[in-house]
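What follows is input_35.tsv (TSV, C-alpha atoms).
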chain	number	residue	atom	x	y	z
A	1	MET	CA	-5.69	-35.03	47.59
A	2	LYS	CA	-9.18	-36.16	46.63
A	3	THR	CA	-12.31	-34.23	47.46
A	4	LEU	CA	-13.79	-34.57	50.89
A	5	THR	CA	-16.84	-36.73	50.38
A	6	PRO	CA	-15.62	-39.86	48.53
A	7	HIS	CA	-12.14	-39.53	50.00
A	8	LEU	CA	-13.14	-39.52	53.65
A	9	LEU	CA	-16.04	-41.94	53.18
A	10	LYS	CA	-13.54	-44.47	51.86
A	11	VAL	CA	-11.43	-43.93	54.97
A	12	VAL	CA	-14.48	-44.30	57.20
A	13	LEU	CA	-15.48	-47.51	55.45
A	14	GLY	CA	-11.96	-48.84	55.80
A	15	SER	CA	-11.39	-47.86	59.41
A	16	VAL	CA	-11.98	-51.39	60.74
A	17	ILE	CA	-9.29	-52.55	63.11
A	18	PHE	CA	-9.91	-56.05	64.47
A	19	THR	CA	-7.31	-57.82	66.53
A	20	LEU	CA	-6.79	-59.26	69.99
A	21	SER	CA	-5.18	-62.41	71.28
A	22	THR	CA	-3.75	-64.60	74.05
A	23	PHE	CA	-5.02	-65.53	77.48
A	24	PRO	CA	-3.26	-66.63	80.67
A	25	ALA	CA	-4.50	-69.82	82.23
A	26	ASN	CA	-7.44	-68.80	84.39
A	27	GLY	CA	-9.72	-66.45	86.30
A	28	PHE	CA	-8.60	-63.05	87.49
A	29	SER	CA	-5.11	-63.31	86.03
A	30	GLN	CA	-6.73	-64.08	82.68
A	31	ASN	CA	-8.55	-60.73	82.70
A	32	LEU	CA	-5.33	-58.95	83.58
A	33	GLY	CA	-3.70	-60.70	80.62
A	34	ILE	CA	-6.39	-59.48	78.22
A	35	LYS	CA	-6.00	-55.89	79.40
A	36	SER	CA	-2.23	-56.10	79.20
A	37	PHE	CA	-2.46	-57.40	75.65
A	38	CYS	CA	-4.84	-54.61	74.64
A	39	ASN	CA	-2.29	-52.07	75.87
A	40	LYS	CA	0.44	-53.74	73.82
A	41	LEU	CA	-1.81	-53.82	70.78
A	42	GLU	CA	-2.61	-50.12	71.11
A	43	THR	CA	1.12	-49.39	71.16
A	44	ALA	CA	1.70	-51.50	68.05
A	45	LEU	CA	-1.10	-49.77	66.13
A	46	ASN	CA	-0.21	-46.26	67.24
A	47	ASN	CA	3.50	-46.81	66.50
A	48	LYS	CA	2.74	-48.46	63.12
A	49	GLU	CA	4.56	-51.70	63.97
A	50	LYS	CA	3.57	-53.82	60.97
A	51	ALA	CA	5.36	-56.99	62.11
A	52	ASN	CA	3.21	-57.23	65.23
A	53	PHE	CA	-0.04	-57.11	63.20
A	54	ALA	CA	0.82	-60.17	61.16
A	55	SER	CA	1.61	-62.26	64.25
A	56	LEU	CA	-1.84	-61.63	65.75
A	57	LEU	CA	-4.11	-62.28	62.76
A	58	SER	CA	-4.89	-65.10	60.40
A	59	GLU	CA	-3.56	-64.52	56.90
A	60	GLU	CA	-7.00	-63.72	55.46
A	61	ILE	CA	-7.92	-61.23	58.18
A	62	TYR	CA	-4.49	-59.62	58.00
A	63	LYS	CA	-4.82	-58.96	54.26
A	64	ASN	CA	-8.15	-57.21	54.73
A	65	PHE	CA	-6.92	-55.33	57.77
A	66	TYR	CA	-3.62	-54.02	56.48
A	67	SER	CA	-4.92	-52.40	53.28
A	68	SER	CA	-7.55	-50.56	55.34
A	69	TYR	CA	-4.96	-49.61	57.95
A	70	GLN	CA	-2.62	-48.15	55.30
A	71	ASP	CA	-5.47	-46.14	53.78
A	72	LEU	CA	-6.42	-44.76	57.18
A	73	ILE	CA	-2.86	-43.77	58.09
A	74	GLU	CA	-2.33	-42.13	54.72
A	75	ASN	CA	-5.32	-39.84	55.21
A	76	PHE	CA	-5.27	-39.48	59.00
A	77	PRO	CA	-1.54	-39.79	59.85
A	78	ASN	CA	-2.08	-38.94	63.53
A	79	SER	CA	-4.82	-41.53	64.08
A	80	LYS	CA	-5.01	-43.00	67.58
A	81	TRP	CA	-6.47	-46.33	68.67
A	82	GLU	CA	-8.06	-47.27	71.96
A	83	ILE	CA	-8.90	-50.95	72.48
A	84	ASN	CA	-10.97	-52.15	75.43
A	85	PRO	CA	-11.87	-55.80	76.16
A	86	LEU	CA	-15.48	-56.27	77.23
A	87	GLU	CA	-17.61	-59.40	77.61
A	88	GLN	CA	-15.86	-62.77	77.51
A	89	ARG	CA	-18.21	-65.56	76.44
A	90	LYS	CA	-15.65	-68.34	76.69
A	91	LYS	CA	-11.89	-68.76	76.62
A	92	GLU	CA	-11.60	-68.48	72.85
A	93	SER	CA	-14.36	-65.92	72.24
A	94	PHE	CA	-14.69	-62.38	73.57
A	95	THR	CA	-15.98	-58.90	72.74
A	96	VAL	CA	-13.76	-55.88	72.18
A	97	GLU	CA	-14.53	-52.16	71.81
A	98	ILE	CA	-12.35	-50.26	69.33
A	99	ILE	CA	-12.24	-46.46	69.18
A	100	ILE	CA	-10.30	-44.63	66.47
A	101	THR	CA	-9.79	-40.86	66.35
A	102	GLY	CA	-7.88	-38.80	63.79
A	103	GLN	CA	-7.51	-35.46	62.05
A	104	ASN	CA	-7.26	-34.57	58.36
A	105	THR	CA	-6.19	-31.23	56.85
A	106	GLN	CA	-7.25	-30.13	53.37
A	107	GLY	CA	-6.09	-26.61	52.56
A	108	LYS	CA	-7.46	-24.34	55.26
A	109	ASN	CA	-9.99	-26.91	56.42
A	110	GLN	CA	-9.51	-29.52	59.13
A	111	TYR	CA	-11.68	-32.58	59.64
A	112	LEU	CA	-12.01	-34.88	62.64
A	113	LEU	CA	-12.67	-38.62	62.53
A	114	GLU	CA	-14.28	-40.67	65.29
A	115	SER	CA	-14.99	-44.35	64.72
A	116	LYS	CA	-16.33	-46.91	67.16
A	117	GLN	CA	-16.88	-50.64	66.76
A	118	LEU	CA	-17.92	-53.58	68.88
A	119	LEU	CA	-16.53	-56.88	67.58
A	120	ARG	CA	-16.70	-60.48	68.76
A	121	LEU	CA	-13.45	-62.30	68.05
A	122	ASN	CA	-12.52	-65.99	67.99
A	123	LEU	CA	-9.04	-67.32	68.58
A	124	LYS	CA	-7.08	-70.39	67.66
A	125	ASN	CA	-3.49	-70.83	68.83
A	126	ASN	CA	-3.48	-67.19	69.95
A	127	ILE	CA	-4.41	-65.92	66.48
A	128	VAL	CA	-7.65	-64.18	65.51
A	129	ILE	CA	-9.34	-66.49	63.02
A	130	LYS	CA	-12.88	-65.08	63.00
A	131	LYS	CA	-14.56	-61.75	63.67
A	132	GLU	CA	-18.23	-60.85	64.05
A	133	LEU	CA	-19.43	-57.26	63.86
A	134	ILE	CA	-21.84	-56.30	66.64
A	135	SER	CA	-22.13	-52.57	65.94
A	136	GLU	CA	-20.25	-49.88	64.05
A	137	TYR	CA	-20.42	-46.18	63.29
A	138	SER	CA	-18.01	-43.49	62.09
A	139	ILE	CA	-18.31	-39.71	61.93
A	140	VAL	CA	-16.17	-37.20	60.03
A	141	LYS	CA	-16.88	-33.52	60.65
A	142	SER	CA	-15.29	-30.11	60.27
A	143	LYS	CA	-13.07	-29.07	63.15
A	144	ASN	CA	-14.57	-26.42	65.46
A	145	ASN	CA	-17.96	-27.55	64.23
A	146	ALA	CA	-20.31	-26.95	67.15
A	147	ILE	CA	-23.22	-28.86	65.60
A	148	THR	CA	-24.64	-31.57	67.84
A	149	MET	CA	-27.02	-34.22	66.63
A	150	THR	CA	-28.80	-37.43	67.49
A	151	PHE	CA	-28.77	-40.26	64.98
A	152	ASN	CA	-31.28	-43.04	65.47
A	153	ILE	CA	-30.07	-45.89	63.31
A	154	PRO	CA	-30.52	-49.41	64.74
A	155	ASN	CA	-27.57	-51.73	65.27
A	156	SER	CA	-29.60	-54.71	64.03
A	157	VAL	CA	-32.99	-55.44	62.45
A	158	LEU	CA	-34.91	-58.53	61.36
A	159	THR	CA	-34.77	-59.78	57.79
A	160	GLY	CA	-37.42	-58.11	55.62
A	161	SER	CA	-38.41	-55.60	58.28
A	162	ILE	CA	-39.04	-51.88	57.78
A	163	TYR	CA	-36.94	-49.52	59.90
A	164	ASP	CA	-36.18	-45.80	60.21
A	165	ILE	CA	-32.93	-43.93	59.69
A	166	ASP	CA	-33.06	-40.56	61.48
A	167	VAL	CA	-30.30	-37.96	61.82
A	168	ILE	CA	-31.66	-35.07	63.88
A	169	LEU	CA	-30.00	-31.74	64.67
A	170	ASP	CA	-30.26	-30.98	68.38
A	171	LYS	CA	-30.42	-27.21	67.76
A	172	PRO	CA	-33.25	-25.74	65.65
A	173	LEU	CA	-32.16	-24.49	62.21
A	174	GLY	CA	-33.93	-21.14	62.33
A	175	ASP	CA	-33.24	-19.30	59.06
A	176	GLU	CA	-30.26	-21.51	58.20
A	177	ILE	CA	-30.38	-23.99	55.32
A	178	LEU	CA	-29.44	-27.65	55.68
A	179	ALA	CA	-28.69	-30.00	52.81
A	180	GLY	CA	-28.16	-33.72	53.05
A	181	GLY	CA	-28.12	-37.07	51.35
A	182	ILE	CA	-27.89	-40.77	52.14
A	183	ILE	CA	-26.77	-43.77	50.10
A	184	ASN	CA	-26.74	-47.51	50.68
A	185	VAL	CA	-23.15	-48.73	50.35
A	186	GLN	CA	-22.49	-52.28	49.20
A	187	ASN	CA	-20.54	-54.70	51.42
A	188	ASP	CA	-17.51	-54.59	49.13
A	189	LEU	CA	-15.24	-51.87	50.52
A	190	ASN	CA	-13.84	-51.26	47.03
A	191	THR	CA	-17.23	-50.66	45.44
A	192	LYS	CA	-17.32	-47.92	42.81
A	193	ILE	CA	-19.98	-46.05	44.77
A	194	LEU	CA	-17.11	-44.66	46.84
A	195	ASN	CA	-15.92	-42.73	43.81
A	196	LYS	CA	-19.17	-40.81	43.59
A	197	ASN	CA	-20.39	-37.87	45.64
A	198	ILE	CA	-23.48	-38.34	47.74
A	199	PRO	CA	-26.20	-36.23	46.06
A	200	LEU	CA	-27.38	-33.46	48.37
A	201	MET	CA	-30.93	-32.16	48.59
A	202	PRO	CA	-32.31	-29.25	50.65
A	203	LEU	CA	-33.85	-30.50	53.88
A	204	ALA	CA	-36.98	-28.72	55.03
A	205	SER	CA	-36.78	-30.01	58.61
A	206	GLY	CA	-33.99	-30.17	61.14
A	207	GLY	CA	-32.46	-33.40	59.98
A	208	LEU	CA	-32.54	-36.29	57.56
A	209	PHE	CA	-35.21	-38.99	57.75
A	210	LYS	CA	-35.48	-42.17	55.71
A	211	THR	CA	-37.46	-45.41	55.86
A	212	ALA	CA	-35.52	-48.49	54.75
A	213	GLN	CA	-36.30	-52.14	54.25
A	214	ALA	CA	-33.96	-54.90	55.33
A	215	PRO	CA	-33.11	-57.59	52.76
A	216	LEU	CA	-34.68	-61.03	53.10
A	217	GLU	CA	-31.34	-62.67	53.86
A	218	THR	CA	-29.07	-62.16	56.86
A	219	GLY	CA	-26.03	-59.96	56.43
A	220	LYS	CA	-25.39	-56.21	56.64
A	221	GLN	CA	-26.68	-52.94	55.26
A	222	LYS	CA	-24.25	-50.04	55.23
A	223	TRP	CA	-25.40	-46.44	55.11
A	224	ALA	CA	-23.36	-43.32	54.32
A	225	VAL	CA	-24.89	-39.95	55.26
A	226	LEU	CA	-23.64	-36.47	54.34
A	227	LEU	CA	-24.95	-33.25	55.87
A	228	ALA	CA	-23.92	-29.75	54.75
A	229	HIS	CA	-24.58	-27.01	57.30
A	230	PRO	CA	-23.40	-23.36	57.42
A	231	GLU	CA	-21.10	-24.38	60.29
A	232	GLY	CA	-19.52	-27.24	58.37
A	233	ILE	CA	-19.83	-30.70	56.87
A	234	ILE	CA	-20.67	-33.91	58.69
A	235	SER	CA	-20.28	-37.40	57.24
A	236	ILE	CA	-21.70	-40.44	59.03
A	237	PHE	CA	-21.23	-44.12	58.26
A	238	LYS	CA	-23.31	-46.80	60.02
A	239	THR	CA	-23.60	-50.55	59.62
A	240	VAL	CA	-26.92	-52.29	60.35
A	241	LYS	CA	-26.83	-56.05	60.96
A	242	ILE	CA	-29.61	-58.08	59.36
A	243	VAL	CA	-30.57	-60.99	61.61
A	244	SER	CA	-33.15	-63.76	61.42
A	245	ASN	CA	-34.18	-63.79	65.09
Could you spell out this file's structure in structure tokens?
Amino acid sequence: MKTLTPHLLKVVLGSVIFTLSTFPANGFSQNLGIKSFCNKLETALNNKEKANFASLLSEEIYKNFYSSYQDLIENFPNSKWEINPLEQRKKESFTVEIIITGQNTQGKNQYLLESKQLLRLNLKNNIVIKKELISEYSIVKSKNNAITMTFNIPNSVLTGSIYDIDVILDKPLGDEILAGGIINVQNDLNTKILNKNIPLMPLASGGLFKTAQAPLETGKQKWAVLLAHPEGIISIFKTVKIVSN
């Protein structure tokens, strides 16, 4: 098994599950249909029913999804999905919340994964043909790690703007030493940066603070953060949308 940092960061980057489909004809029964479908989808994902995935996604989305899904299951075999439908903008477009939790064991160490995404999906003939990321973050940390923190990383920023990335420990460090690092990860999930450790530097204050600049074109910036604390390791992945208005 690979070392923790690049290994689990790759899993975090690949933990995108995007799928939902079908509506009854109208109104209240339509909402019941969405919820019913979400329950069926959760069962398919949690039971690893590959055939059901392909029937719900366009070919392009399925290809991207299934390689990530396999990677996640390989490294977090007991992963669990929770899928909740949220805002519906129109019959073919709606928002879904996806929560993934899992556990990984390496030797005597155990690590916990929590990933949360908000996605807007578009359907055609009851198949997901388009997805739009609204927000996304993932955390991997040592089990029994009692560290609590606040991370202030925006979901979206304007093109060219300056913004802050703050990961703050809720409990003062005292005499303990904290080390950390942050890297900008390219949009390609297979980028070679995932094969490199995040360089760690001693942190004088109770957290990690960085000022970043958004690119001049719309898109995404992806940040991977690693914190090493006497109580354990914490890895955070966050996507920031770059918008024009």
Worksheet item: Of the residues A:Pro230, A:Gly174, A:Gly102, A:Gly181, which is the one nearest to A:Asn75, using all atoms listed in the file?
Response: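 Ranking A:Pro230, A:Gly174, A:Gly102, A:Gly181 by distance to A:Asn75, first place goes to A:Gly102.
Distances here use only C-alpha atoms; by that measure, the residue among A:Gln221, A:Leu41, A:Asn152, A:Gly180 closest to A:Met201 is A:Gly180.
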Practice prompt. Please provide as a PyMOL selection string all residues within 10 Å of A:Tyr62, with the sequence filter that same-chain residues fewer than 2 positions apart are discarded (counting only C-alpha atoms).
Written response: chain A and resi 17-19+53-60+64-68+128-129
Worksheet item: atom CA of A:Trp81 to atom CA of A:Asn104: how many Å, to one decimal?
Response: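 Going from atom CA of A:Trp81 over to atom CA of A:Asn104 covers 15.7 Å.
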Worksheet entry | One-decimal distance in Å that lies between atom CA of A:Val243 and atom CA of A:Leu158 |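 That distance, rounded to one decimal, is 5.0 Å.
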Worksheet entry | Atom-to-atom span, atom CA of A:Val157 and atom CA of A:Ile242, Å |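 We find that atom CA of A:Val157 and atom CA of A:Ile242 lie 5.3 Å from each other.
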Which residues, written as a PDB file with C-alpha atoms, keeping the file's coordinate frame, have at least one atom at most 10 Å from A:Glu42, with only C-alpha atoms counted and residues fewer than 6 positions away on the same chain left out?
ATOM      1  CA  LYS A  48       2.740 -48.460  63.120  1.00  0.00           C
ATOM      2  CA  LYS A  80      -5.010 -43.000  67.580  1.00  0.00           C
ATOM      3  CA  TRP A  81      -6.470 -46.330  68.670  1.00  0.00           C
ATOM      4  CA  GLU A  82      -8.060 -47.270  71.960  1.00  0.00           C
ATOM      5  CA  ILE A  83      -8.900 -50.950  72.480  1.00  0.00           C
ATOM      6  CA  ASN A  84     -10.970 -52.150  75.430  1.00  0.00           C
ATOM      7  CA  ILE A  98     -12.350 -50.260  69.330  1.00  0.00           C
TER       8      ILE A  98
END
Worksheet entry | Spatial neighbours of A:Tyr163, max dist 10 Å, only C-alpha atoms, sep filter under 5 positions, as a ChimeraX atom specification | /A:153-154,156-158,210-214
Practice prompt. Tell me which protein, DNA and RNA residues are within 8 Å of A:Gln103, counting all atoms listed in the file, leaving out same-chain ones fewer than 4 positions away, and put them as a list in words.
Written response: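 My list of contacting residues is Phe76, Pro77, Asn78, Ser79, Gln110, Tyr111, Leu112 and Leu113 of chain A.
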Practice prompt. Give the answer as one residue: which of A:Glu49, A:Glu176, A:Asp164, A:Glu231 has the shortest atom-to-atom distance to A:Tyr69, using all atoms listed in the file?
Written response: A:Glu49
Worksheet entry | Nearest candidate to A:Val96 (options A:Lys35, A:Gly232, A:Ser115, A:Asn46; using only C-alpha atoms) | A:Lys35
Discussion item. Applying 10 Å and all atoms listed in the file, which residues near A:Ile177 remain after dropping the ones on its own chain fewer than 6 positions away? List them as a list in words.
Written reply: Pro202, Leu203, Ala204, Ser205, Gly206, Ala228, His229 and Pro230 of chain A
Those same residues, written as a compact mmCIF listing (two decimals), in the frame of the given file with C-alpha atoms?
# COMPACT_ATOMS: atom_id res chain seq x y z
CA PRO A 202 -32.31 -29.25 50.65
CA LEU A 203 -33.85 -30.50 53.88
CA ALA A 204 -36.98 -28.72 55.03
CA SER A 205 -36.78 -30.01 58.61
CA GLY A 206 -33.99 -30.17 61.14
CA ALA A 228 -23.92 -29.75 54.75
CA HIS A 229 -24.58 -27.01 57.30
CA PRO A 230 -23.40 -23.36 57.42
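Compared by their closest atoms to A:Leu173, and using all atoms listed in the file, the residues A:Ile61, A:Ile147, A:Ile236, A:Cys38 rank with A:Ile147 nearest.
Shortest separation to A:Pro215 among A:Val167, A:Val240, A:Leu72, A:Leu45 occurs at residue A:Val240, atoms counted being all atoms listed in the file.
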